[in-house]
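Coordinates as given in start-v5.cif (mmCIF, C-alpha atoms and all ligand atoms):
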```
data_protein
loop_
_atom_site.label_atom_id
_atom_site.label_comp_id
_atom_site.auth_asym_id
_atom_site.auth_seq_id
_atom_site.Cartn_x
_atom_site.Cartn_y
_atom_site.Cartn_z
CA MET J 126 -19.11 3.63 -17.11
CA GLN J 127 -18.51 5.14 -20.52
CA LYS J 128 -14.85 4.53 -21.40
CA ASN J 129 -13.59 7.02 -23.96
CA TYR J 130 -10.02 5.86 -23.43
CA GLY J 131 -8.10 2.89 -22.07
CA ILE J 132 -5.41 2.89 -19.37
CA LYS J 133 -1.81 1.78 -19.71
CA PHE J 134 0.30 1.06 -16.62
CA VAL J 135 3.60 2.35 -17.93
CA SER J 136 6.05 1.76 -15.08
CA PHE J 137 6.32 0.94 -11.38
CA ALA J 138 9.04 1.99 -8.92
CA SER J 139 9.71 2.01 -5.20
CA ALA J 140 11.96 3.50 -2.55
CA LEU J 141 12.93 2.33 0.93
CA PRO J 142 14.76 4.16 3.71
CA SER J 143 18.36 3.12 4.36
CA LEU J 144 18.08 2.09 8.04
CA CYS J 145 17.25 -1.59 8.43
CA ILE J 146 15.77 -2.76 11.74
CA LYS J 147 15.94 -6.51 12.22
CA ASN J 148 13.77 -8.53 14.60
CA THR J 149 16.87 -9.05 16.72
CA ASP J 150 17.13 -5.24 17.12
CA LEU J 151 13.57 -5.20 18.51
CA GLN J 152 14.60 -7.78 21.11
CA LYS J 153 16.63 -4.96 22.68
CA LEU J 154 13.48 -2.81 23.06
CA TYR J 155 11.07 -5.29 24.62
CA ASP J 156 10.44 -8.94 25.40
CA THR J 157 10.13 -10.57 21.97
CA SER J 158 12.09 -12.89 19.71
CA ASP J 159 13.00 -13.23 16.05
CA GLU J 160 11.30 -16.63 16.14
CA TRP J 161 7.96 -15.22 17.51
CA ILE J 162 7.83 -12.35 15.03
CA TYR J 163 8.83 -14.47 12.03
CA THR J 164 6.38 -17.31 12.73
CA ARG J 165 3.45 -14.97 13.52
CA THR J 166 4.05 -12.47 10.70
CA GLY J 167 6.69 -13.66 8.20
CA ILE J 168 8.68 -10.48 8.89
CA LYS J 169 12.47 -10.58 9.44
CA GLU J 170 13.31 -6.91 9.00
CA ARG J 171 11.86 -3.53 8.05
CA ARG J 172 13.23 -0.16 6.87
CA ILE J 173 12.75 2.95 8.99
CA VAL J 174 13.36 6.62 8.08
CA SER J 175 16.33 8.45 9.58
CA ALA J 176 16.53 12.19 10.31
CA ASN J 177 17.42 13.09 6.70
CA GLU J 178 14.56 11.02 5.23
CA SER J 179 10.78 11.45 5.14
CA GLY J 180 7.67 10.37 3.31
CA LEU J 181 8.45 13.14 0.85
CA THR J 182 12.05 12.06 0.12
CA LEU J 183 10.86 8.48 -0.42
CA SER J 184 8.02 9.67 -2.68
CA VAL J 185 10.43 11.81 -4.71
CA SER J 186 12.78 8.84 -5.25
CA ALA J 187 9.94 6.52 -6.31
CA ALA J 188 8.35 9.18 -8.55
CA ASN J 189 11.62 10.15 -10.25
CA GLU J 190 12.36 6.49 -10.94
CA VAL J 191 8.92 5.86 -12.40
CA ILE J 192 9.26 8.95 -14.63
CA LYS J 193 12.76 7.87 -15.74
CA LYS J 194 11.39 4.46 -16.79
CA SER J 195 8.58 6.03 -18.84
CA ASN J 196 8.64 8.41 -21.80
CA VAL J 197 6.63 11.03 -19.93
CA LYS J 198 8.21 14.36 -18.95
CA PRO J 199 7.40 15.76 -15.47
CA GLU J 200 5.64 18.75 -17.03
CA ASP J 201 3.34 16.38 -18.96
CA ILE J 202 1.95 14.82 -15.77
CA ASP J 203 -1.65 16.03 -15.42
CA LEU J 204 -2.56 14.61 -12.03
CA ILE J 205 -0.67 13.43 -8.94
CA ILE J 206 -2.48 11.38 -6.31
CA VAL J 207 -0.55 10.50 -3.16
CA ALA J 208 -2.19 7.81 -1.05
CA THR J 209 -1.01 8.09 2.54
CA ALA J 210 -2.27 7.85 6.11
CA THR J 211 0.89 9.34 7.60
CA PRO J 212 1.62 12.57 5.67
CA ASP J 213 4.71 14.53 6.72
CA LYS J 214 2.45 17.55 7.28
CA LEU J 215 -1.34 17.83 7.55
CA TYR J 216 -0.88 20.54 4.92
CA PRO J 217 0.48 21.28 2.40
CA THR J 218 -0.40 17.92 0.93
CA MET J 219 2.25 15.35 0.09
CA SER J 220 1.15 15.53 -3.55
CA CYS J 221 1.71 19.31 -3.80
CA MET J 222 5.11 19.03 -2.12
CA LEU J 223 5.99 16.17 -4.48
CA GLN J 224 4.86 18.22 -7.48
CA GLY J 225 7.36 20.93 -6.56
CA LYS J 226 10.22 18.47 -6.06
CA ILE J 227 9.79 16.63 -9.37
CA GLY J 228 8.92 19.64 -11.54
CA ALA J 229 5.42 18.43 -12.48
CA LYS J 230 4.33 22.06 -12.70
CA ASN J 231 1.15 21.41 -14.70
CA ALA J 232 -0.27 18.69 -12.45
CA VAL J 233 -3.39 18.89 -10.30
CA CYS J 234 -2.54 17.37 -6.93
CA PHE J 235 -4.42 15.83 -4.04
CA ASP J 236 -3.82 13.27 -1.29
CA LEU J 237 -6.06 10.31 -0.71
CA SER J 238 -6.60 8.72 2.68
CA ALA J 239 -7.69 5.08 2.68
CA ALA J 240 -4.95 3.61 4.90
CA CYS J 241 -3.51 0.34 3.57
CA SER J 242 -6.07 0.26 0.72
CA GLY J 243 -4.83 3.67 -0.45
CA PHE J 244 -2.91 2.51 -3.50
CA VAL J 245 -5.84 0.44 -4.82
CA TYR J 246 -8.22 3.36 -4.18
CA GLY J 247 -5.67 5.65 -5.88
CA ILE J 248 -5.52 3.56 -9.06
CA VAL J 249 -9.34 3.44 -9.25
CA THR J 250 -9.63 7.21 -8.65
CA ALA J 251 -6.98 7.95 -11.30
CA SER J 252 -8.73 5.65 -13.77
CA GLN J 253 -11.95 7.72 -13.67
CA PHE J 254 -10.10 10.83 -14.86
CA ILE J 255 -8.36 8.89 -17.63
CA TYR J 256 -11.51 7.09 -18.80
CA ASN J 257 -13.46 10.33 -19.10
CA GLY J 258 -10.63 12.06 -20.99
CA GLN J 259 -9.96 14.72 -18.36
CA PHE J 260 -6.32 13.70 -17.82
CA LYS J 261 -3.79 11.77 -19.88
CA ASN J 262 -0.82 11.13 -17.56
CA VAL J 263 -1.39 10.34 -13.89
CA LEU J 264 1.18 9.58 -11.20
CA VAL J 265 -0.12 7.54 -8.26
CA VAL J 266 2.15 7.22 -5.22
CA GLY J 267 1.55 5.11 -2.11
CA VAL J 268 3.70 6.20 0.82
CA ASP J 269 3.64 5.67 4.56
CA VAL J 270 6.00 6.40 7.41
CA HIS J 271 4.36 4.61 10.29
CA SER J 272 7.58 4.54 12.33
CA ARG J 273 6.72 8.08 13.54
CA PHE J 274 3.40 6.89 14.95
CA LEU J 275 4.37 3.69 16.73
CA ASP J 276 4.91 3.16 20.41
CA TRP J 277 8.37 1.60 20.26
CA SER J 278 8.09 0.43 23.86
CA GLU J 279 5.14 -1.83 23.04
CA ARG J 280 5.58 -5.14 21.23
CA THR J 281 2.25 -5.97 19.61
CA VAL J 282 2.04 -3.23 16.93
CA SER J 283 5.56 -1.91 16.34
CA ILE J 284 6.85 -5.30 15.11
CA LEU J 285 4.62 -5.05 12.03
CA PHE J 286 5.28 -1.78 10.27
CA GLY J 287 8.02 -0.47 8.00
CA ASP J 288 8.36 2.75 5.98
CA GLY J 289 8.46 3.06 2.19
CA ALA J 290 7.02 4.47 -1.02
CA GLY J 291 5.87 2.97 -4.31
CA ALA J 292 4.63 4.60 -7.50
CA VAL J 293 2.99 3.88 -10.83
CA LEU J 294 2.60 6.02 -13.92
CA MET J 295 -0.73 5.53 -15.71
CA THR J 296 -1.39 6.99 -19.17
CA SER J 297 -4.35 6.98 -21.50
CA CYS J 298 -4.38 4.73 -24.57
CA LEU J 299 -6.98 3.43 -27.03
CA ALA J 300 -10.08 2.09 -25.26
CA GLY J 301 -9.48 -1.33 -26.84
CA ASP J 302 -6.00 -1.55 -25.25
CA ASP J 303 -7.25 -0.95 -21.71
CA GLN J 304 -5.04 -2.71 -19.14
CA LEU J 305 -7.46 -2.17 -16.23
CA LEU J 306 -9.79 -5.17 -16.38
CA GLY J 307 -11.98 -4.07 -13.46
CA TYR J 308 -12.15 -3.10 -9.82
CA SER J 309 -14.20 -3.43 -6.68
CA LEU J 310 -14.03 -1.10 -3.67
CA HIS J 311 -15.63 -1.34 -0.22
CA SER J 312 -15.72 0.59 3.04
CA GLY J 313 -17.31 -0.15 6.41
CA ALA J 314 -17.27 1.91 9.58
CA ASP J 315 -14.89 0.38 12.10
CA VAL J 316 -17.32 0.40 14.99
CA ASN J 317 -14.92 -1.24 17.42
CA LEU J 318 -12.09 1.08 16.42
CA ASP J 319 -9.89 -1.92 15.86
CA LEU J 320 -7.29 0.06 13.92
CA GLU J 321 -6.83 3.77 14.53
CA LEU J 322 -4.40 6.66 14.69
CA ASP J 323 -6.28 9.23 16.75
CA ASN J 324 -5.49 12.94 16.33
CA SER J 325 -8.39 14.32 18.36
CA ASN J 326 -6.47 14.79 21.61
CA VAL J 327 -4.50 17.72 20.15
CA MET J 328 -6.69 20.71 21.12
CA TYR J 329 -6.58 24.29 22.31
CA SER J 330 -7.32 23.53 25.96
CA GLU J 331 -4.39 21.11 26.03
CA PHE J 332 -1.84 23.30 24.33
CA LYS J 333 0.25 24.04 27.39
CA LYS J 334 0.69 20.39 28.24
CA PRO J 335 3.76 18.56 26.93
CA LYS J 336 3.13 17.23 23.44
CA CYS J 337 1.62 13.80 23.66
CA PRO J 338 2.55 11.62 20.71
CA ASN J 339 -0.26 9.78 18.96
CA PHE J 340 0.32 6.09 18.38
CA VAL J 341 -1.33 3.48 16.20
CA LYS J 342 -3.78 1.34 18.17
CA MET J 343 -4.75 -2.02 16.76
CA ASN J 344 -6.74 -5.07 17.72
CA GLY J 345 -4.53 -7.44 15.73
CA LYS J 346 -6.80 -10.47 16.03
CA ALA J 347 -9.89 -8.56 14.85
CA ILE J 348 -8.03 -7.09 11.87
CA TYR J 349 -6.62 -10.52 11.02
CA GLN J 350 -10.11 -12.04 11.02
CA PHE J 351 -11.50 -9.14 8.99
CA ALA J 352 -8.76 -9.59 6.37
CA VAL J 353 -9.10 -13.34 5.90
CA ARG J 354 -12.88 -12.89 5.54
CA VAL J 355 -13.15 -9.89 3.17
CA VAL J 356 -10.14 -10.50 0.92
CA PRO J 357 -11.46 -13.77 -0.59
CA GLU J 358 -14.92 -12.16 -0.85
CA VAL J 359 -13.66 -9.17 -2.83
CA ILE J 360 -11.47 -11.38 -5.05
CA ASN J 361 -14.49 -13.56 -5.92
CA GLU J 362 -16.62 -10.49 -6.52
CA LEU J 363 -14.06 -8.99 -8.90
CA LEU J 364 -13.42 -12.27 -10.73
CA ASP J 365 -17.18 -12.55 -11.32
CA LYS J 366 -17.34 -8.96 -12.55
CA ILE J 367 -14.58 -9.48 -15.11
CA ASN J 368 -15.75 -12.99 -15.98
CA HIS J 369 -12.45 -14.65 -15.03
CA ASN J 370 -11.51 -17.59 -12.83
CA VAL J 371 -8.48 -17.99 -10.56
CA ASN J 372 -6.62 -20.02 -13.22
CA GLN J 373 -6.71 -17.06 -15.58
CA ILE J 374 -4.86 -14.86 -13.09
CA ASP J 375 -1.06 -15.04 -13.22
CA TYR J 376 -0.15 -13.09 -10.07
CA LEU J 377 -1.80 -12.19 -6.78
CA VAL J 378 -0.42 -9.13 -4.95
CA LEU J 379 -2.09 -8.71 -1.56
CA HIS J 380 -1.40 -5.89 0.86
CA GLN J 381 1.66 -7.14 2.75
CA ALA J 382 0.27 -7.10 6.29
CA ASN J 383 1.11 -10.58 7.54
CA GLN J 384 2.47 -13.63 5.66
CA ARG J 385 -0.15 -15.76 7.45
CA ILE J 386 -2.93 -13.64 5.92
CA ILE J 387 -1.31 -13.98 2.48
CA ASP J 388 -0.97 -17.78 2.91
CA SER J 389 -4.50 -18.20 4.26
CA VAL J 390 -6.08 -16.23 1.40
CA SER J 391 -4.04 -17.94 -1.31
CA GLU J 392 -4.88 -21.38 0.10
CA LYS J 393 -8.58 -20.55 0.39
CA MET J 394 -8.65 -19.17 -3.16
CA LYS J 395 -6.46 -22.03 -4.50
CA PHE J 396 -3.79 -19.70 -5.86
CA ASN J 397 -0.63 -21.66 -6.54
CA LYS J 398 2.25 -20.39 -4.36
CA SER J 399 4.27 -19.51 -7.45
CA LYS J 400 1.64 -16.92 -8.38
CA VAL J 401 1.66 -15.14 -5.03
CA ILE J 402 4.00 -12.15 -4.70
CA SER J 403 5.42 -11.56 -1.23
CA ASN J 404 8.19 -9.32 0.07
CA ILE J 405 6.96 -8.80 3.62
CA GLU J 406 9.97 -10.68 5.02
CA HIS J 407 12.33 -7.78 4.35
CA VAL J 408 10.02 -4.71 4.38
CA GLY J 409 7.24 -5.45 6.89
CA ASN J 410 3.87 -3.77 6.47
CA THR J 411 4.46 -0.52 4.55
CA SER J 412 0.73 0.30 4.43
CA ALA J 413 -0.28 2.28 1.29
CA ALA J 414 3.16 1.59 -0.21
CA SER J 415 3.09 -2.17 0.19
CA ILE J 416 1.44 -3.16 -3.11
CA PRO J 417 3.52 -0.94 -5.44
CA ILE J 418 6.74 -1.84 -3.60
CA ALA J 419 5.93 -5.56 -3.97
CA ILE J 420 5.17 -5.18 -7.71
CA SER J 421 8.16 -2.99 -8.42
CA GLU J 422 10.57 -5.37 -6.63
CA ALA J 423 9.04 -8.44 -8.31
CA ILE J 424 9.48 -6.82 -11.75
CA GLN J 425 13.06 -5.84 -10.85
CA GLU J 426 13.81 -9.43 -9.78
CA ASN J 427 12.25 -10.87 -12.99
CA LYS J 428 9.59 -12.69 -10.96
CA ILE J 429 6.88 -11.27 -13.24
CA LYS J 430 6.62 -12.37 -16.86
CA PHE J 431 4.73 -10.21 -19.36
CA PRO J 432 2.03 -10.21 -20.62
CA CYS J 433 0.24 -11.14 -17.42
CA LYS J 434 -2.98 -10.71 -15.50
CA MET J 435 -2.59 -9.55 -11.93
CA LEU J 436 -4.93 -9.02 -8.98
CA LEU J 437 -4.03 -6.33 -6.43
CA VAL J 438 -5.93 -6.41 -3.15
CA GLY J 439 -5.74 -3.83 -0.35
CA PHE J 440 -7.35 -3.81 3.09
CA GLY J 441 -6.92 -1.66 6.14
CA ALA J 442 -8.16 0.97 8.54
CA GLY J 443 -11.49 2.64 7.95
CA LEU J 444 -12.24 -0.12 7.39
CA THR J 445 -11.46 -0.08 3.67
CA TRP J 446 -10.83 -2.89 1.21
CA GLY J 447 -10.72 -3.27 -2.52
CA ALA J 448 -9.25 -5.07 -5.50
CA VAL J 449 -8.17 -4.20 -9.04
CA ALA J 450 -7.39 -6.53 -11.93
CA LEU J 451 -4.65 -5.51 -14.37
CA HIS J 452 -3.65 -6.94 -17.72
CA LEU J 453 -0.06 -5.78 -18.05
CA ARG J 454 1.57 -5.99 -21.47
O1 LIG J 501 -2.25 -3.08 7.58
C1 LIG J 501 -2.77 -3.13 8.87
C2 LIG J 501 -3.49 -4.32 9.11
N1 LIG J 501 -3.02 -5.00 10.30
C3 LIG J 501 -2.95 -6.33 10.30
O2 LIG J 501 -3.14 -6.93 9.27
C4 LIG J 501 -2.63 -7.05 11.58
C5 LIG J 501 -3.30 -8.40 11.59
N2 LIG J 501 -3.00 -9.12 12.81
C6 LIG J 501 -1.82 -9.75 13.01
O3 LIG J 501 -0.94 -9.71 12.16
C7 LIG J 501 -1.64 -10.53 14.27
O4 LIG J 501 -2.82 -10.47 15.05
C8 LIG J 501 -0.43 -10.07 15.14
C9 LIG J 501 0.88 -10.44 14.45
C10 LIG J 501 -0.48 -8.58 15.37
C11 LIG J 501 -0.46 -10.77 16.48
O5 LIG J 501 -0.46 -12.17 16.31
P1 LIG J 501 -1.47 -13.10 17.11
O6 LIG J 501 -1.21 -14.47 16.68
O7 LIG J 501 -2.87 -12.55 16.91
O8 LIG J 501 -0.96 -12.92 18.58
P2 LIG J 501 -1.78 -12.43 19.89
O9 LIG J 501 -1.98 -10.95 19.85
O10 LIG J 501 -2.96 -13.30 20.08
O11 LIG J 501 -0.76 -12.76 21.03
C12 LIG J 501 -0.43 -14.13 21.35
C13 LIG J 501 0.56 -14.09 22.50
C14 LIG J 501 0.11 -13.23 23.67
O12 LIG J 501 0.58 -13.84 24.86
P3 LIG J 501 -0.41 -14.72 25.77
O13 LIG J 501 -1.53 -13.80 26.17
O14 LIG J 501 -0.87 -15.85 24.89
O15 LIG J 501 0.46 -15.15 26.89
C15 LIG J 501 0.85 -11.94 23.48
O16 LIG J 501 1.08 -11.23 24.67
O17 LIG J 501 1.80 -13.54 22.06
C16 LIG J 501 2.15 -12.41 22.88
N3 LIG J 501 2.81 -11.42 22.04
C17 LIG J 501 4.12 -11.43 21.79
N4 LIG J 501 5.12 -12.25 22.20
C18 LIG J 501 6.34 -11.99 21.74
C19 LIG J 501 2.23 -10.39 21.38
N5 LIG J 501 3.17 -9.72 20.69
C20 LIG J 501 4.34 -10.34 20.93
C21 LIG J 501 5.66 -10.12 20.50
N6 LIG J 501 6.64 -10.97 20.92
N7 LIG J 501 6.01 -9.11 19.66
#
```
Take the structure I supplied and represent it as structure tokens, if you would.
Amino acid sequence: MQKNYGIKFVSFASALPSLCIKNTDLQKLYDTSDEWIYTRTGIKERRIVSANESGLTLSVSAANEVIKKSNVKPEDIDLIIVATATPDKLYPTMSCMLQGKIGAKNAVCFDLSAACSGFVYGIVTASQFIYNGQFKNVLVVGVDVHSRFLDWSERTVSILFGDGAGAVLMTSCLAGDDQLLGYSLHSGADVNLDLELDNSNVMYSEFKKPKCPNFVKMNGKAIYQFAVRVVPEVINELLDKINHNVNQIDYLVLHQANQRIIDSVSEKMKFNKSKVISNIEHVGNTSAASIPIAISEAIQENKIKFPCKMLLVGFGAGLTWGAVALHLR
């Protein structure tokens, strides 16, 4: 596409709820063990919202932090995209509610639904508006609160997820200074419904019945196999597009779904372990928030040295998957 401007990734930030649920806490809910969960997923603990917290409060914390780290005033933000599959309300959108809370009164706002690929889709969507000169300052937030949609009496799905939010502020710069090297997005109908959060049972004829909560349903094995197949494919596709090889990439940030998926992909792609960012052990799978939380924490902990080239790869329900390559300076 015609690029009239470049994109600068100014700052990243994240926010987690205060309540920490360890694997040993889950042992009190059903027949499981810290050892089983840790060896199968790499997860030790996850954060879960309490009554005074929500996707919105987490988004506000992450957004305020990202704004504080940048030189951009809330009123100078032109566009807010919130990627989420678990909005607090079906409407108003999370992005409009966030706009009000952070004082970004001039921003256009919309939510984007691409499940765990949402943050990658969000960056690519934001980039189109910056490249064509429509908007200068864009806030992209990935947030999910899956704890409200999990069957906590069932052990195969609820062990995986945690709640959280992550954000990035993207601004326009000279086309020659573009920090977005390229991207690749994909979608494919999930014919076997291997990963779904169904809302279609809430209907007029049922309205007198007690409210039936909707829970995430997942065929873990199928999703695992999908991930270890498509993630290397999309990485290779993007590397070809931007004319790079694995050795030219400094950091790999995969959606934090399962440490075994992260290990399998990095081994297959021959990414040295030191290049692979992982924080799943203490946050679990935070869905659309997982990539920005992982980046923000790695920057905070000085695990990322600048300048650097970084691949971000998301995959999830839809099915959706995609990768972006950044050159952060
Ligand atoms: O962002 C969303 C994307 N989602 C994912 O990426 C999920 C990808 N999939 C996975 O991470 C893995 O498939 C799981 C961690 C969900 C499951 O691991 P698995 O190695 O595929 O285990 P399994 O479902 O094949 O279960 C193996 C055994 C079964 O027992 P039997 O039939 O062999 O006797 C399960 O009943 O482990 C049992 N099991 C458990 N045992 C203790 C299943 N869940 C648990 C548990 N604790 N929590």
Skip range 206-215 of chain J itself and residues of its chain fewer than 3 positions away, then list as number ranges by chain all residues within 9 Å of it, counting only C-alpha atoms. J: 179-181, 184, 218-220, 223, 233-244, 246-248, 250-251, 263-271, 273-274, 292, 322, 412-414
Selection: 8 Å around Glu362 in chain J, all atoms listed in the file, excl. self and same-chain fewer than 4 positions, as a PyMOL selection string: chain J and resi 309+358+366
Show me, as an mmCIF file with C-alpha atoms, keeping the file's coordinate frame, the residues that have an atom within 12 Å of Arg280 in chain J when counting all atoms listed in the file, minus same-chain residues fewer than 2 positions from it.
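Result file follows (around.cif):
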```
data_model
loop_
_atom_site.group_PDB
_atom_site.id
_atom_site.type_symbol
_atom_site.label_atom_id
_atom_site.label_comp_id
_atom_site.auth_asym_id
_atom_site.auth_seq_id
_atom_site.Cartn_x
_atom_site.Cartn_y
_atom_site.Cartn_z
ATOM 1 C CA ASN J 148 13.770 -8.530 14.600
ATOM 2 C CA LEU J 151 13.570 -5.200 18.510
ATOM 3 C CA GLN J 152 14.600 -7.780 21.110
ATOM 4 C CA LYS J 153 16.630 -4.960 22.680
ATOM 5 C CA LEU J 154 13.480 -2.810 23.060
ATOM 6 C CA TYR J 155 11.070 -5.290 24.620
ATOM 7 C CA ASP J 156 10.440 -8.940 25.400
ATOM 8 C CA THR J 157 10.130 -10.570 21.970
ATOM 9 C CA SER J 158 12.090 -12.890 19.710
ATOM 10 C CA TRP J 161 7.960 -15.220 17.510
ATOM 11 C CA ILE J 162 7.830 -12.350 15.030
ATOM 12 C CA LEU J 275 4.370 3.690 16.730
ATOM 13 C CA ASP J 276 4.910 3.160 20.410
ATOM 14 C CA TRP J 277 8.370 1.600 20.260
ATOM 15 C CA SER J 278 8.090 0.430 23.860
ATOM 16 C CA VAL J 282 2.040 -3.230 16.930
ATOM 17 C CA SER J 283 5.560 -1.910 16.340
ATOM 18 C CA ILE J 284 6.850 -5.300 15.110
ATOM 19 C CA LEU J 285 4.620 -5.050 12.030
ATOM 20 C CA PHE J 286 5.280 -1.780 10.270
ATOM 21 C CA LYS J 342 -3.780 1.340 18.170
ATOM 22 C CA MET J 343 -4.750 -2.020 16.760
ATOM 23 C CA GLY J 345 -4.530 -7.440 15.730
#
```
My list of candidates is J:Val341, J:Ile420, J:Val438, J:Ile405. Which is closest to Asn361 in chain J when distances are computed with only C-alpha atoms? J:Val438
Contact residues around Ala352 in chain J with all atoms listed in the file at 7 Å, ignoring same-chain residues under 4 positions, as a PDB file with C-alpha atoms, keeping the file's coordinate frame:
```pdb
ATOM      1  CA  ILE J 348      -8.030  -7.090  11.870  1.00  0.00           C
ATOM      2  CA  VAL J 356     -10.140 -10.500   0.920  1.00  0.00           C
ATOM      3  CA  PHE J 440      -7.350  -3.810   3.090  1.00  0.00           C
TER       4      PHE J 440
END
```
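Distances here use only C-alpha atoms; by that measure, the residue among J:Ile146, J:Ala347, J:Ala314, J:Val191 closest to Lys169 in chain J is J:Ile146.
Here CA of Ala382 in chain J and atom C5 of ligand LIG 501 (chain J) stand 6.5 Å from one another.
Of the residues listed (J:Asn231, J:Ser143, J:Pro417, J:Ile402), J:Pro417 shows the shortest atom-to-atom separation from Ala188 in chain J; distances use all atoms listed in the file.
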Please provide the set of residues having any atom within 10 Å of range 423-427 of chain J, restricted to all atoms listed in the file, with same-chain residues fewer than 2 positions apart removed, written as a PyMOL selection string. chain J and resi 136-138+402-404+417-421+429-431
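The nearest approach to ligand LIG 501 (chain J) among the residues J:Thr445, J:Ser186, J:Ser139, J:Asn372, with all atoms listed in the file taken into account, belongs to J:Thr445.
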Could you tell me how far CA of Ser297 in chain J sits from CA of Leu183 in chain J, in Å to one decimal place? 26.0 Å
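Straight-line separation from CA of Lys128 in chain J to CA of Gly291 in chain J: 26.9 Å.
Taking only C-alpha atoms and all ligand atoms into account, ligand LIG 501 (chain J) lies nearest to J:Asn383 out of the set J:Asn383, J:Ser389, J:Gln373, J:Gln253.
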Give the padded box for ligand LIG 501 (chain J) as AutoDock Vina command-line options: axis-aligned, covering all atoms listed in the file, 6 Å on each side, centre and edge lengths in Å to one decimal.
```
--center_x 1.6 --center_y -9.5 --center_z 17.2 --size_x 22.1 --size_y 24.8 --size_z 31.3
```
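With distances taken over all atoms listed in the file, J:Gly287 is the one residue among J:Gly287, J:Gly228, J:Gly131, J:Pro432 lying closest to Glu406 in chain J.
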